[in-house]
$ cat coords31.csv   # CSV, N, CA and C atoms
chain,number,residue,atom,x,y,z
G,1,MET,N,76.9,80.7,-14.1
G,1,MET,CA,76.6,81.9,-13.4
G,1,MET,C,77.7,82.3,-12.4
G,2,THR,N,78.0,83.6,-12.5
G,2,THR,CA,79.1,84.1,-11.6
G,2,THR,C,78.5,84.7,-10.3
G,3,LEU,N,79.1,84.6,-9.2
G,3,LEU,CA,78.7,85.2,-8.0
G,3,LEU,C,79.5,86.5,-7.9
G,4,ARG,N,78.7,87.6,-7.7
G,4,ARG,CA,79.3,88.9,-7.6
G,4,ARG,C,78.9,89.6,-6.3
G,5,LEU,N,79.7,90.5,-5.7
G,5,LEU,CA,79.4,91.2,-4.5
G,5,LEU,C,79.1,92.7,-4.9
G,6,ALA,N,78.0,93.2,-4.3
G,6,ALA,CA,77.6,94.6,-4.6
G,6,ALA,C,77.3,95.3,-3.3
G,7,VAL,N,77.1,96.6,-3.4
G,7,VAL,CA,76.7,97.4,-2.3
G,7,VAL,C,75.5,98.3,-2.7
G,8,ASP,N,74.6,98.6,-1.9
G,8,ASP,CA,73.5,99.5,-2.1
G,8,ASP,C,73.4,100.5,-1.0
G,9,CYS,N,73.1,101.7,-1.2
G,9,CYS,CA,73.0,102.8,-0.2
G,9,CYS,C,71.7,103.4,-0.1
G,10,VAL,N,71.1,103.4,1.1
G,10,VAL,CA,69.8,104.1,1.3
G,10,VAL,C,70.2,105.3,2.1
G,11,VAL,N,70.0,106.5,1.5
G,11,VAL,CA,70.3,107.8,2.1
G,11,VAL,C,69.0,108.5,2.3
G,12,PHE,N,68.7,108.7,3.6
G,12,PHE,CA,67.5,109.5,3.9
G,12,PHE,C,67.9,110.9,4.1
G,13,GLY,N,67.1,111.8,3.7
G,13,GLY,CA,67.3,113.3,4.0
G,13,GLY,C,66.1,113.9,4.6
G,14,VAL,N,66.3,114.9,5.4
G,14,VAL,CA,65.2,115.5,6.1
G,14,VAL,C,65.2,117.0,5.7
G,15,ASP,N,64.0,117.5,5.3
G,15,ASP,CA,63.9,118.9,5.0
G,15,ASP,C,62.8,119.5,5.9
G,16,ASP,N,62.2,120.6,5.6
G,16,ASP,CA,61.2,121.2,6.5
G,16,ASP,C,59.9,120.5,6.5
G,17,THR,N,59.6,119.7,5.5
G,17,THR,CA,58.3,119.1,5.4
G,17,THR,C,58.2,117.6,5.4
G,18,ALA,N,59.3,116.9,5.0
G,18,ALA,CA,59.1,115.4,4.8
G,18,ALA,C,60.4,114.7,4.9
G,19,LEU,N,60.3,113.4,5.1
G,19,LEU,CA,61.5,112.5,5.0
G,19,LEU,C,61.6,112.1,3.6
G,20,LYS,N,62.8,112.2,3.0
G,20,LYS,CA,63.0,111.9,1.6
G,20,LYS,C,64.1,110.8,1.5
G,21,VAL,N,64.2,110.2,0.3
G,21,VAL,CA,65.2,109.2,0.1
G,21,VAL,C,65.9,109.6,-1.3
G,22,LEU,N,67.2,109.4,-1.3
G,22,LEU,CA,68.0,109.7,-2.5
G,22,LEU,C,68.0,108.5,-3.5
G,23,LEU,N,67.6,108.8,-4.7
G,23,LEU,CA,67.5,107.8,-5.8
G,23,LEU,C,68.4,108.3,-7.0
G,24,ILE,N,68.8,107.3,-7.7
G,24,ILE,CA,69.5,107.6,-9.0
G,24,ILE,C,68.7,107.0,-10.1
G,25,GLN,N,68.8,107.7,-11.3
G,25,GLN,CA,68.2,107.2,-12.5
G,25,GLN,C,69.2,106.5,-13.3
G,26,ARG,N,69.0,105.2,-13.5
G,26,ARG,CA,70.1,104.4,-14.2
G,26,ARG,C,70.3,104.7,-15.6
G,27,LYS,N,71.6,104.8,-16.0
G,27,LYS,CA,72.0,105.2,-17.3
G,27,LYS,C,72.2,103.9,-18.2
G,28,VAL,N,72.3,102.8,-17.6
G,28,VAL,CA,72.7,101.6,-18.3
G,28,VAL,C,71.7,100.4,-17.9
G,29,PRO,N,71.6,99.4,-18.8
G,29,PRO,CA,70.8,98.2,-18.4
G,29,PRO,C,71.5,97.4,-17.3
G,30,PRO,N,70.8,96.6,-16.6
G,30,PRO,CA,69.3,96.5,-16.7
G,30,PRO,C,68.6,97.6,-16.0
G,31,PHE,N,67.3,97.8,-16.3
G,31,PHE,CA,66.5,98.8,-15.7
G,31,PHE,C,66.9,100.2,-16.2
G,32,GLN,N,67.5,100.3,-17.4
G,32,GLN,CA,68.0,101.6,-17.9
G,32,GLN,C,66.8,102.6,-17.9
G,33,GLY,N,67.0,103.8,-17.4
G,33,GLY,CA,66.0,104.8,-17.2
G,33,GLY,C,65.2,104.7,-16.0
G,34,GLY,N,65.3,103.6,-15.3
G,34,GLY,CA,64.5,103.4,-14.1
G,34,GLY,C,65.3,104.0,-12.9
G,35,TRP,N,64.5,104.0,-11.8
G,35,TRP,CA,65.1,104.6,-10.5
G,35,TRP,C,65.6,103.5,-9.6
G,36,ALA,N,66.6,103.8,-8.9
G,36,ALA,CA,67.3,102.8,-8.0
G,36,ALA,C,68.0,103.5,-6.9
G,37,LEU,N,68.3,102.7,-5.9
G,37,LEU,CA,69.2,103.2,-4.8
G,37,LEU,C,70.6,103.3,-5.4
G,38,PRO,N,71.4,104.2,-5.0
G,38,PRO,CA,72.8,104.3,-5.4
G,38,PRO,C,73.6,103.0,-5.0
G,39,GLY,N,74.4,102.5,-5.8
G,39,GLY,CA,75.2,101.3,-5.5
G,39,GLY,C,75.8,100.7,-6.7
G,40,GLY,N,76.5,99.6,-6.5
G,40,GLY,CA,77.2,98.9,-7.6
G,40,GLY,C,78.1,97.8,-7.1
G,41,PHE,N,79.0,97.3,-7.9
G,41,PHE,CA,79.8,96.2,-7.6
G,41,PHE,C,81.0,96.6,-6.8
G,42,VAL,N,81.5,95.7,-6.0
G,42,VAL,CA,82.7,95.9,-5.2
G,42,VAL,C,83.9,95.5,-6.1
G,43,LEU,N,84.9,96.4,-6.1
G,43,LEU,CA,86.1,96.1,-6.9
G,43,LEU,C,86.9,95.1,-6.2
G,44,PRO,N,87.7,94.3,-6.9
G,44,PRO,CA,88.6,93.2,-6.3
G,44,PRO,C,89.5,93.7,-5.2
G,45,ASP,N,90.0,95.0,-5.3
G,45,ASP,CA,91.0,95.5,-4.4
G,45,ASP,C,90.4,96.5,-3.4
G,46,GLU,N,89.1,96.4,-3.1
G,46,GLU,CA,88.6,97.4,-2.1
G,46,GLU,C,87.7,96.7,-1.1
G,47,SER,N,87.6,97.3,0.1
G,47,SER,CA,86.7,96.7,1.1
G,47,SER,C,85.3,97.0,0.8
G,48,ILE,N,84.4,96.4,1.4
G,48,ILE,CA,82.9,96.6,1.2
G,48,ILE,C,82.6,98.0,1.6
G,49,ASP,N,83.1,98.5,2.8
G,49,ASP,CA,82.8,99.8,3.2
G,49,ASP,C,83.3,100.9,2.2
G,50,ALA,N,84.5,100.7,1.7
G,50,ALA,CA,85.1,101.6,0.7
G,50,ALA,C,84.2,101.6,-0.6
G,51,ALA,N,83.8,100.4,-1.0
G,51,ALA,CA,82.9,100.4,-2.2
G,51,ALA,C,81.6,101.2,-2.0
G,52,ALA,N,81.0,101.1,-0.8
G,52,ALA,CA,79.8,101.8,-0.6
G,52,ALA,C,80.1,103.3,-0.7
G,53,GLY,N,81.1,103.8,-0.1
G,53,GLY,CA,81.5,105.2,-0.2
G,53,GLY,C,81.8,105.7,-1.6
G,54,ARG,N,82.5,104.8,-2.3
G,54,ARG,CA,82.9,105.1,-3.7
G,54,ARG,C,81.7,105.2,-4.6
G,55,GLU,N,80.8,104.2,-4.5
G,55,GLU,CA,79.6,104.2,-5.3
G,55,GLU,C,78.7,105.3,-5.0
G,56,LEU,N,78.5,105.7,-3.8
G,56,LEU,CA,77.7,106.8,-3.4
G,56,LEU,C,78.3,108.1,-4.0
G,57,ALA,N,79.6,108.3,-3.9
G,57,ALA,CA,80.2,109.5,-4.4
G,57,ALA,C,80.1,109.5,-5.9
G,58,GLU,N,80.3,108.4,-6.6
G,58,GLU,CA,80.3,108.4,-8.1
G,58,GLU,C,78.9,108.7,-8.6
G,59,GLU,N,77.9,108.1,-8.0
G,59,GLU,CA,76.5,108.2,-8.5
G,59,GLU,C,75.7,109.4,-8.1
G,60,THR,N,76.2,110.0,-7.0
G,60,THR,CA,75.4,111.1,-6.5
G,60,THR,C,76.2,112.4,-6.2
G,61,GLY,N,77.5,112.2,-6.0
G,61,GLY,CA,78.4,113.3,-5.6
G,61,GLY,C,78.5,113.5,-4.1
G,62,LEU,N,77.8,112.7,-3.3
G,62,LEU,CA,77.9,112.8,-1.9
G,62,LEU,C,79.2,112.1,-1.4
G,63,GLN,N,79.9,112.8,-0.6
G,63,GLN,CA,81.2,112.3,-0.1
G,63,GLN,C,81.2,112.5,1.4
G,64,ASN,N,82.0,111.6,2.1
G,64,ASN,CA,82.3,111.7,3.5
G,64,ASN,C,81.0,111.6,4.3
G,65,ILE,N,80.1,110.7,3.8
G,65,ILE,CA,78.8,110.5,4.5
G,65,ILE,C,79.0,109.2,5.4
G,66,PHE,N,78.6,109.3,6.7
G,66,PHE,CA,78.6,108.2,7.5
G,66,PHE,C,77.6,107.2,7.1
G,67,LEU,N,78.0,106.0,6.7
G,67,LEU,CA,77.2,104.9,6.3
G,67,LEU,C,77.3,103.8,7.2
G,68,GLU,N,76.2,103.2,7.6
G,68,GLU,CA,76.1,102.1,8.5
G,68,GLU,C,75.6,100.9,7.8
G,69,GLN,N,76.2,99.7,8.0
G,69,GLN,CA,75.7,98.5,7.4
G,69,GLN,C,74.3,98.2,7.9
G,70,LEU,N,73.4,97.8,7.0
G,70,LEU,CA,72.0,97.6,7.3
G,70,LEU,C,71.7,96.1,7.3
G,71,TYR,N,72.0,95.4,6.2
G,71,TYR,CA,71.5,94.1,6.0
G,71,TYR,C,72.2,93.5,4.7
G,72,THR,N,72.2,92.2,4.6
G,72,THR,CA,72.8,91.6,3.4
G,72,THR,C,71.6,90.9,2.6
G,73,PHE,N,71.5,91.2,1.3
G,73,PHE,CA,70.5,90.7,0.5
G,73,PHE,C,71.1,89.7,-0.5
G,74,GLY,N,70.5,88.5,-0.5
G,74,GLY,CA,71.1,87.4,-1.4
G,74,GLY,C,70.1,86.6,-2.1
G,75,ALA,N,68.9,87.1,-2.4
G,75,ALA,CA,67.9,86.2,-3.1
G,75,ALA,C,68.6,85.9,-4.5
G,76,VAL,N,68.3,84.6,-4.9
G,76,VAL,CA,69.0,84.1,-6.1
G,76,VAL,C,68.7,85.0,-7.3
G,77,ALA,N,67.5,85.4,-7.5
G,77,ALA,CA,67.2,86.2,-8.8
G,77,ALA,C,67.1,87.7,-8.6
G,78,ARG,N,67.8,88.2,-7.6
G,78,ARG,CA,67.6,89.7,-7.4
G,78,ARG,C,68.2,90.6,-8.4
G,79,ASP,N,69.1,90.0,-9.3
G,79,ASP,CA,69.7,90.8,-10.3
G,79,ASP,C,69.8,89.9,-11.6
G,80,PRO,N,69.2,90.4,-12.7
G,80,PRO,CA,69.1,89.6,-13.9
G,80,PRO,C,70.5,89.3,-14.6
G,81,ARG,N,71.5,90.0,-14.2
G,81,ARG,CA,72.8,89.9,-14.9
G,81,ARG,C,73.6,88.6,-14.3
G,82,ASP,N,73.6,88.5,-13.1
G,82,ASP,CA,74.4,87.4,-12.4
G,82,ASP,C,73.8,87.1,-11.1
G,83,ARG,N,74.4,86.2,-10.4
G,83,ARG,CA,74.1,85.9,-9.0
G,83,ARG,C,74.8,87.0,-8.2
G,84,VAL,N,74.0,87.9,-7.5
G,84,VAL,CA,74.6,89.0,-6.9
G,84,VAL,C,74.1,89.1,-5.4
G,85,VAL,N,75.1,89.1,-4.5
G,85,VAL,CA,74.8,89.4,-3.1
G,85,VAL,C,75.2,90.8,-2.8
G,86,SER,N,74.3,91.5,-2.1
G,86,SER,CA,74.5,92.9,-1.9
G,86,SER,C,74.4,93.3,-0.4
G,87,VAL,N,75.4,94.0,0.0
G,87,VAL,CA,75.5,94.5,1.4
G,87,VAL,C,74.9,95.9,1.3
G,88,ALA,N,73.8,96.1,2.0
G,88,ALA,CA,73.1,97.5,2.0
G,88,ALA,C,73.6,98.3,3.2
G,89,TYR,N,73.7,99.6,3.0
G,89,TYR,CA,74.1,100.6,4.0
G,89,TYR,C,73.0,101.6,4.0
G,90,TYR,N,72.9,102.3,5.2
G,90,TYR,CA,72.0,103.5,5.3
G,90,TYR,C,72.6,104.6,6.0
G,91,ALA,N,72.0,105.8,5.7
G,91,ALA,CA,72.5,107.1,6.3
G,91,ALA,C,71.3,108.0,6.4
G,92,LEU,N,71.5,109.0,7.3
G,92,LEU,CA,70.6,110.1,7.4
G,92,LEU,C,71.4,111.4,7.3
G,93,VAL,N,71.0,112.3,6.4
G,93,VAL,CA,71.7,113.5,6.2
G,93,VAL,C,70.7,114.7,6.2
G,94,ASN,N,71.3,115.9,6.4
G,94,ASN,CA,70.5,117.1,6.2
G,94,ASN,C,70.6,117.4,4.7
G,95,LEU,N,69.5,117.3,4.0
G,95,LEU,CA,69.6,117.4,2.5
G,95,LEU,C,70.0,118.8,2.1
G,96,TRP,N,69.8,119.8,2.9
G,96,TRP,CA,70.1,121.2,2.5
G,96,TRP,C,71.6,121.4,2.5
G,97,GLU,N,72.4,120.5,3.1
G,97,GLU,CA,73.8,120.6,3.2
G,97,GLU,C,74.5,119.7,2.0
G,98,GLN,N,73.6,119.1,1.2
G,98,GLN,CA,74.2,118.2,0.2
G,98,GLN,C,73.9,118.8,-1.2
G,99,SER,N,74.9,118.6,-2.1
G,99,SER,CA,74.8,119.0,-3.5
G,99,SER,C,75.0,117.7,-4.3
G,100,LEU,N,74.0,117.5,-5.2
G,100,LEU,CA,74.1,116.3,-6.0
G,100,LEU,C,74.8,116.5,-7.3
G,101,HIS,N,75.7,115.6,-7.7
G,101,HIS,CA,76.4,115.6,-8.9
G,101,HIS,C,76.6,114.2,-9.4
G,102,PRO,N,75.6,113.6,-10.1
G,102,PRO,CA,75.8,112.2,-10.6
G,102,PRO,C,76.8,112.1,-11.7
G,103,THR,N,77.5,110.9,-11.7
G,103,THR,CA,78.4,110.6,-12.8
G,103,THR,C,78.3,109.1,-13.0
G,104,THR,N,79.2,108.5,-13.7
G,104,THR,CA,79.3,107.1,-14.0
G,104,THR,C,78.0,106.6,-14.6
G,105,ASP,N,77.4,105.6,-14.0
G,105,ASP,CA,76.2,105.0,-14.6
G,105,ASP,C,74.9,105.6,-14.1
G,106,ALA,N,74.9,106.8,-13.5
G,106,ALA,CA,73.7,107.5,-13.1
G,106,ALA,C,73.4,108.6,-14.0
G,107,GLU,N,72.2,108.6,-14.6
G,107,GLU,CA,71.8,109.7,-15.4
G,107,GLU,C,71.5,111.0,-14.6
G,108,GLN,N,70.8,110.7,-13.5
G,108,GLN,CA,70.6,111.8,-12.5
G,108,GLN,C,70.4,111.3,-11.1
G,109,ALA,N,70.4,112.2,-10.2
G,109,ALA,CA,70.2,111.8,-8.8
G,109,ALA,C,69.2,112.8,-8.2
G,110,ALA,N,68.2,112.3,-7.4
G,110,ALA,CA,67.2,113.2,-6.9
G,110,ALA,C,66.6,112.7,-5.6
G,111,TRP,N,66.1,113.7,-4.8
G,111,TRP,CA,65.4,113.3,-3.6
G,111,TRP,C,63.9,113.1,-3.8
G,112,PHE,N,63.4,112.0,-3.3
G,112,PHE,CA,62.0,111.7,-3.4
G,112,PHE,C,61.3,111.6,-2.0
G,113,GLU,N,60.1,112.2,-1.9
G,113,GLU,CA,59.4,112.0,-0.6
G,113,GLU,C,59.1,110.5,-0.4
G,114,ILE,N,59.3,110.0,0.8
G,114,ILE,CA,59.1,108.6,1.1
G,114,ILE,C,57.8,108.0,0.7
G,115,HIS,N,56.7,108.9,0.7
G,115,HIS,CA,55.4,108.4,0.3
G,115,HIS,C,55.0,108.7,-1.1
G,116,ASP,N,56.0,109.1,-1.9
G,116,ASP,CA,55.7,109.4,-3.3
G,116,ASP,C,56.9,109.0,-4.2
G,117,LEU,N,57.1,107.6,-4.2
G,117,LEU,CA,58.3,107.1,-4.9
G,117,LEU,C,57.9,106.5,-6.2
G,118,PRO,N,58.8,106.5,-7.2
G,118,PRO,CA,58.6,105.8,-8.4
G,118,PRO,C,58.9,104.3,-8.2
G,119,ALA,N,58.6,103.5,-9.2
G,119,ALA,CA,58.9,102.1,-9.1
G,119,ALA,C,60.4,102.0,-9.0
G,120,LEU,N,60.9,101.0,-8.2
G,120,LEU,CA,62.4,100.9,-8.0
G,120,LEU,C,62.9,99.6,-8.7
G,121,ALA,N,64.1,99.7,-9.2
G,121,ALA,CA,64.8,98.6,-9.8
G,121,ALA,C,65.2,97.5,-8.8
G,122,PHE,N,65.5,96.4,-9.4
G,122,PHE,CA,66.0,95.2,-8.6
G,122,PHE,C,65.0,95.0,-7.4
G,123,ASP,N,65.6,94.7,-6.2
G,123,ASP,CA,64.8,94.5,-5.0
G,123,ASP,C,64.9,95.7,-4.1
G,124,HIS,N,65.1,96.9,-4.7
G,124,HIS,CA,65.4,98.1,-3.9
G,124,HIS,C,64.2,98.5,-3.1
G,125,ASP,N,63.0,98.2,-3.4
G,125,ASP,CA,61.8,98.5,-2.6
G,125,ASP,C,61.9,97.7,-1.2
G,126,GLN,N,62.4,96.5,-1.3
G,126,GLN,CA,62.6,95.7,-0.1
G,126,GLN,C,63.7,96.3,0.8
G,127,ILE,N,64.8,96.7,0.2
G,127,ILE,CA,65.9,97.3,0.9
G,127,ILE,C,65.5,98.5,1.6
G,128,LEU,N,64.7,99.4,0.9
G,128,LEU,CA,64.2,100.6,1.4
G,128,LEU,C,63.3,100.3,2.6
G,129,GLN,N,62.4,99.4,2.5
G,129,GLN,CA,61.5,99.1,3.6
G,129,GLN,C,62.3,98.6,4.9
G,130,ILE,N,63.3,97.8,4.7
G,130,ILE,CA,64.1,97.4,5.9
G,130,ILE,C,64.8,98.6,6.5
G,131,ALA,N,65.3,99.5,5.6
G,131,ALA,CA,66.0,100.7,6.2
G,131,ALA,C,65.0,101.6,6.9
G,132,LEU,N,63.8,101.7,6.4
G,132,LEU,CA,62.8,102.5,7.1
G,132,LEU,C,62.4,101.9,8.4
G,133,THR,N,62.3,100.6,8.5
G,133,THR,CA,62.0,99.9,9.7
G,133,THR,C,63.1,100.1,10.8
G,134,ARG,N,64.3,100.1,10.3
G,134,ARG,CA,65.5,100.2,11.2
G,134,ARG,C,65.4,101.6,11.8

$ encode --input "coords31.csv" --output "structure tokens"
Amino acid sequence: MTLRLAVDCVVFGVDDTALKVLLIQRKVPPFQGGWALPGGFVLPDESIDAAAGRELAEETGLQNIFLEQLYTFGAVARDPRDRVVSVAYYALVNLWEQSLHPTTDAEQAAWFEIHDLPALAFDHDQILQIALTR
């Protein structure tokens, strides 16, 4: 089993009525077609912070968003592909100022009300709960 490093991004948005979170629909296995937080693997030649910004931009189109490190997740079976440790980030944005343009392994990106979420892939429900608590 290989140890891999990943990043996950929790992006909250506020509109006139509710707190929302940005999710992507996965285009590839595992959890193909399922909803997840934006994120992915850190490339060998990039910093963790750079990877978070890159993954967020690739999967949602959001760029130049201030991301703050939230927590590190390292449960042994959190990803069925490999042993994956993920550094999670979070942000709060005005969603009216954001335009979503998913690419790479995201089928689509969408804002969901925090109290009306689909089932989330991996351990992303746990990541989201820690971000909400913070």

$ closest_residue --input "coords31.csv" --among "G:Ala57, G:Arg134, G:Ala88, G:Gln126" --to "Cys9 of chain G" --atoms "only N, CA and C atoms"
G:Ala88

$ select_by_dssp --input "coords31.csv" --residues "segment 8-83 of chain G" --states "strand (DSSP E or B)" --output "list in words"
Asp8, Cys9, Val10, Val11, Phe12, Gly13, Val14, Leu19, Lys20, Val21, Leu22, Leu23, Ile24, Gln25, Arg26, Trp35, Ala36, Gly39, Gly40, Phe41, Glu68, Gln69, Leu70, Tyr71, Thr72, Phe73 and Arg83 of chain G

$ residues_around --input "coords31.csv" --residues "Tyr90 of chain G" --least-positions-apart "4" --cutoff "5 Å" --atoms "only N, CA and C atoms" --output "list in words"
Val10, Leu67, Glu68 and Leu70 of chain G

$ residues_around --input "coords31.csv" --residues "Ile114 of chain G" --least-positions-apart "6" --cutoff "8 Å" --atoms "all atoms listed in the file" --output "PyMOL selection string"
chain G and resi 18-21

$ residues_around --input "coords31.csv" --residues "Leu5 of chain G" --least-positions-apart "4" --cutoff "10 Å" --atoms "only C-alpha atoms" --output "short mmCIF file (atom, residue, chain, number, x, y, z; two decimals) with N, CA and C atoms, keeping the file's coordinate frame"
data_model
loop_
_atom_site.label_atom_id
_atom_site.label_comp_id
_atom_site.auth_asym_id
_atom_site.auth_seq_id
_atom_site.Cartn_x
_atom_site.Cartn_y
_atom_site.Cartn_z
N GLY G 40 76.50 99.60 -6.50
CA GLY G 40 77.20 98.90 -7.60
C GLY G 40 78.10 97.80 -7.10
N PHE G 41 79.00 97.30 -7.90
CA PHE G 41 79.80 96.20 -7.60
C PHE G 41 81.00 96.60 -6.80
N VAL G 42 81.50 95.70 -6.00
CA VAL G 42 82.70 95.90 -5.20
C VAL G 42 83.90 95.50 -6.10
N LEU G 43 84.90 96.40 -6.10
CA LEU G 43 86.10 96.10 -6.90
C LEU G 43 86.90 95.10 -6.20
N PRO G 44 87.70 94.30 -6.90
CA PRO G 44 88.60 93.20 -6.30
C PRO G 44 89.50 93.70 -5.20
N ILE G 48 84.40 96.40 1.40
CA ILE G 48 82.90 96.60 1.20
C ILE G 48 82.60 98.00 1.60
N GLY G 74 70.50 88.50 -0.50
CA GLY G 74 71.10 87.40 -1.40
C GLY G 74 70.10 86.60 -2.10
N ARG G 83 74.40 86.20 -10.40
CA ARG G 83 74.10 85.90 -9.00
C ARG G 83 74.80 87.00 -8.20
N VAL G 84 74.00 87.90 -7.50
CA VAL G 84 74.60 89.00 -6.90
C VAL G 84 74.10 89.10 -5.40
N VAL G 85 75.10 89.10 -4.50
CA VAL G 85 74.80 89.40 -3.10
C VAL G 85 75.20 90.80 -2.80
N SER G 86 74.30 91.50 -2.10
CA SER G 86 74.50 92.90 -1.90
C SER G 86 74.40 93.30 -0.40
N VAL G 87 75.40 94.00 0.00
CA VAL G 87 75.50 94.50 1.40
C VAL G 87 74.90 95.90 1.30
#

$ atom_distance --input "coords31.csv" --atom1 "atom CA of Asp16 of chain G" --atom2 "atom CA of Gln63 of chain G"
22.9 Å

$ residues_around --input "coords31.csv" --residues "Val11 of chain G" --least-positions-apart "4" --cutoff "10 Å" --atoms "only C-alpha atoms" --output "list in words"
Lys20, Val21, Leu22, Leu23, Leu37, Pro38, Leu56, Leu62, Ile65, Phe66, Leu67, Tyr89, Tyr90, Ala91, Leu92, Val93, Leu95, Trp111, Leu128 and Ala131 of chain G

$ residues_near_point --input "coords31.csv" --point "(74.1, 104.7, -11.5)" --cutoff "7 Å" --atoms "only N, CA and C atoms" --output "VMD selection string"
chain G and resid 24 to 28 38 to 39 58 to 59 103 to 107

$ atom_distance --input "coords31.csv" --atom1 "atom N of Gly13 of chain G" --atom2 "atom CA of Tyr71 of chain G"
18.4 Å

$ closest_residue --input "coords31.csv" --among "G:His124, G:Trp35, G:Asp79, G:Ala52" --to "Ala6 of chain G" --atoms "all atoms listed in the file"
G:Ala52

$ closest_residue --input "coords31.csv" --among "G:Asn64, G:Thr133, G:Thr2, G:Gln32" --to "Arg81 of chain G" --atoms "all atoms listed in the file"
G:Thr2

$ atom_distance --input "coords31.csv" --atom1 "atom N of Gln129 of chain G" --atom2 "atom CA of Leu3 of chain G"
24.0 Å

$ residues_near_point --input "coords31.csv" --point "(65.5, 101.8, -9.9)" --cutoff "6 Å" --atoms "all atoms listed in the file" --output "mmCIF file with N, CA and C atoms, keeping the file's coordinate frame"
data_model
loop_
_atom_site.group_PDB
_atom_site.id
_atom_site.type_symbol
_atom_site.label_atom_id
_atom_site.label_comp_id
_atom_site.auth_asym_id
_atom_site.auth_seq_id
_atom_site.Cartn_x
_atom_site.Cartn_y
_atom_site.Cartn_z
ATOM 1 N N GLY G 34 65.300 103.600 -15.300
ATOM 2 C CA GLY G 34 64.500 103.400 -14.100
ATOM 3 C C GLY G 34 65.300 104.000 -12.900
ATOM 4 N N TRP G 35 64.500 104.000 -11.800
ATOM 5 C CA TRP G 35 65.100 104.600 -10.500
ATOM 6 C C TRP G 35 65.600 103.500 -9.600
ATOM 7 N N ALA G 36 66.600 103.800 -8.900
ATOM 8 C CA ALA G 36 67.300 102.800 -8.000
ATOM 9 C C ALA G 36 68.000 103.500 -6.900
ATOM 10 N N LEU G 37 68.300 102.700 -5.900
ATOM 11 C CA LEU G 37 69.200 103.200 -4.800
ATOM 12 C C LEU G 37 70.600 103.300 -5.400
ATOM 13 N N ALA G 119 58.600 103.500 -9.200
ATOM 14 C CA ALA G 119 58.900 102.100 -9.100
ATOM 15 C C ALA G 119 60.400 102.000 -9.000
ATOM 16 N N LEU G 120 60.900 101.000 -8.200
ATOM 17 C CA LEU G 120 62.400 100.900 -8.000
ATOM 18 C C LEU G 120 62.900 99.600 -8.700
ATOM 19 N N ALA G 121 64.100 99.700 -9.200
ATOM 20 C CA ALA G 121 64.800 98.600 -9.800
ATOM 21 C C ALA G 121 65.200 97.500 -8.800
ATOM 22 N N PHE G 122 65.500 96.400 -9.400
ATOM 23 C CA PHE G 122 66.000 95.200 -8.600
ATOM 24 C C PHE G 122 65.000 95.000 -7.400
#

$ build_atoms --input "coords31.csv" --residues "segment 39-49 of chain G" --atoms "N, CA, C and O atoms" --output "compact mmCIF listing (two decimals), in the frame of the given file"
# COMPACT_ATOMS: atom_id res chain seq x y z
N GLY G 39 74.40 102.50 -5.80
CA GLY G 39 75.20 101.30 -5.50
C GLY G 39 75.80 100.70 -6.70
O GLY G 39 75.71 101.19 -7.83
N GLY G 40 76.50 99.60 -6.50
CA GLY G 40 77.20 98.90 -7.60
C GLY G 40 78.10 97.80 -7.10
O GLY G 40 78.10 97.48 -5.87
N PHE G 41 79.00 97.30 -7.90
CA PHE G 41 79.80 96.20 -7.60
C PHE G 41 81.00 96.60 -6.80
O PHE G 41 81.62 97.67 -7.08
N VAL G 42 81.50 95.70 -6.00
CA VAL G 42 82.70 95.90 -5.20
C VAL G 42 83.90 95.50 -6.10
O VAL G 42 83.84 94.46 -6.72
N LEU G 43 84.90 96.40 -6.10
CA LEU G 43 86.10 96.10 -6.90
C LEU G 43 86.90 95.10 -6.20
O LEU G 43 86.91 94.99 -4.95
N PRO G 44 87.70 94.30 -6.90
CA PRO G 44 88.60 93.20 -6.30
C PRO G 44 89.50 93.70 -5.20
O PRO G 44 89.84 93.00 -4.29
N ASP G 45 90.00 95.00 -5.30
CA ASP G 45 91.00 95.50 -4.40
C ASP G 45 90.40 96.50 -3.40
O ASP G 45 91.19 97.24 -2.80
N GLU G 46 89.10 96.40 -3.10
CA GLU G 46 88.60 97.40 -2.10
C GLU G 46 87.70 96.70 -1.10
O GLU G 46 87.14 95.60 -1.36
N SER G 47 87.60 97.30 0.10
CA SER G 47 86.70 96.70 1.10
C SER G 47 85.30 97.00 0.80
O SER G 47 84.97 97.91 -0.08
N ILE G 48 84.40 96.40 1.40
CA ILE G 48 82.90 96.60 1.20
C ILE G 48 82.60 98.00 1.60
O ILE G 48 81.85 98.73 0.92
N ASP G 49 83.10 98.50 2.80
CA ASP G 49 82.80 99.80 3.20
C ASP G 49 83.30 100.90 2.20
O ASP G 49 82.65 101.86 1.93
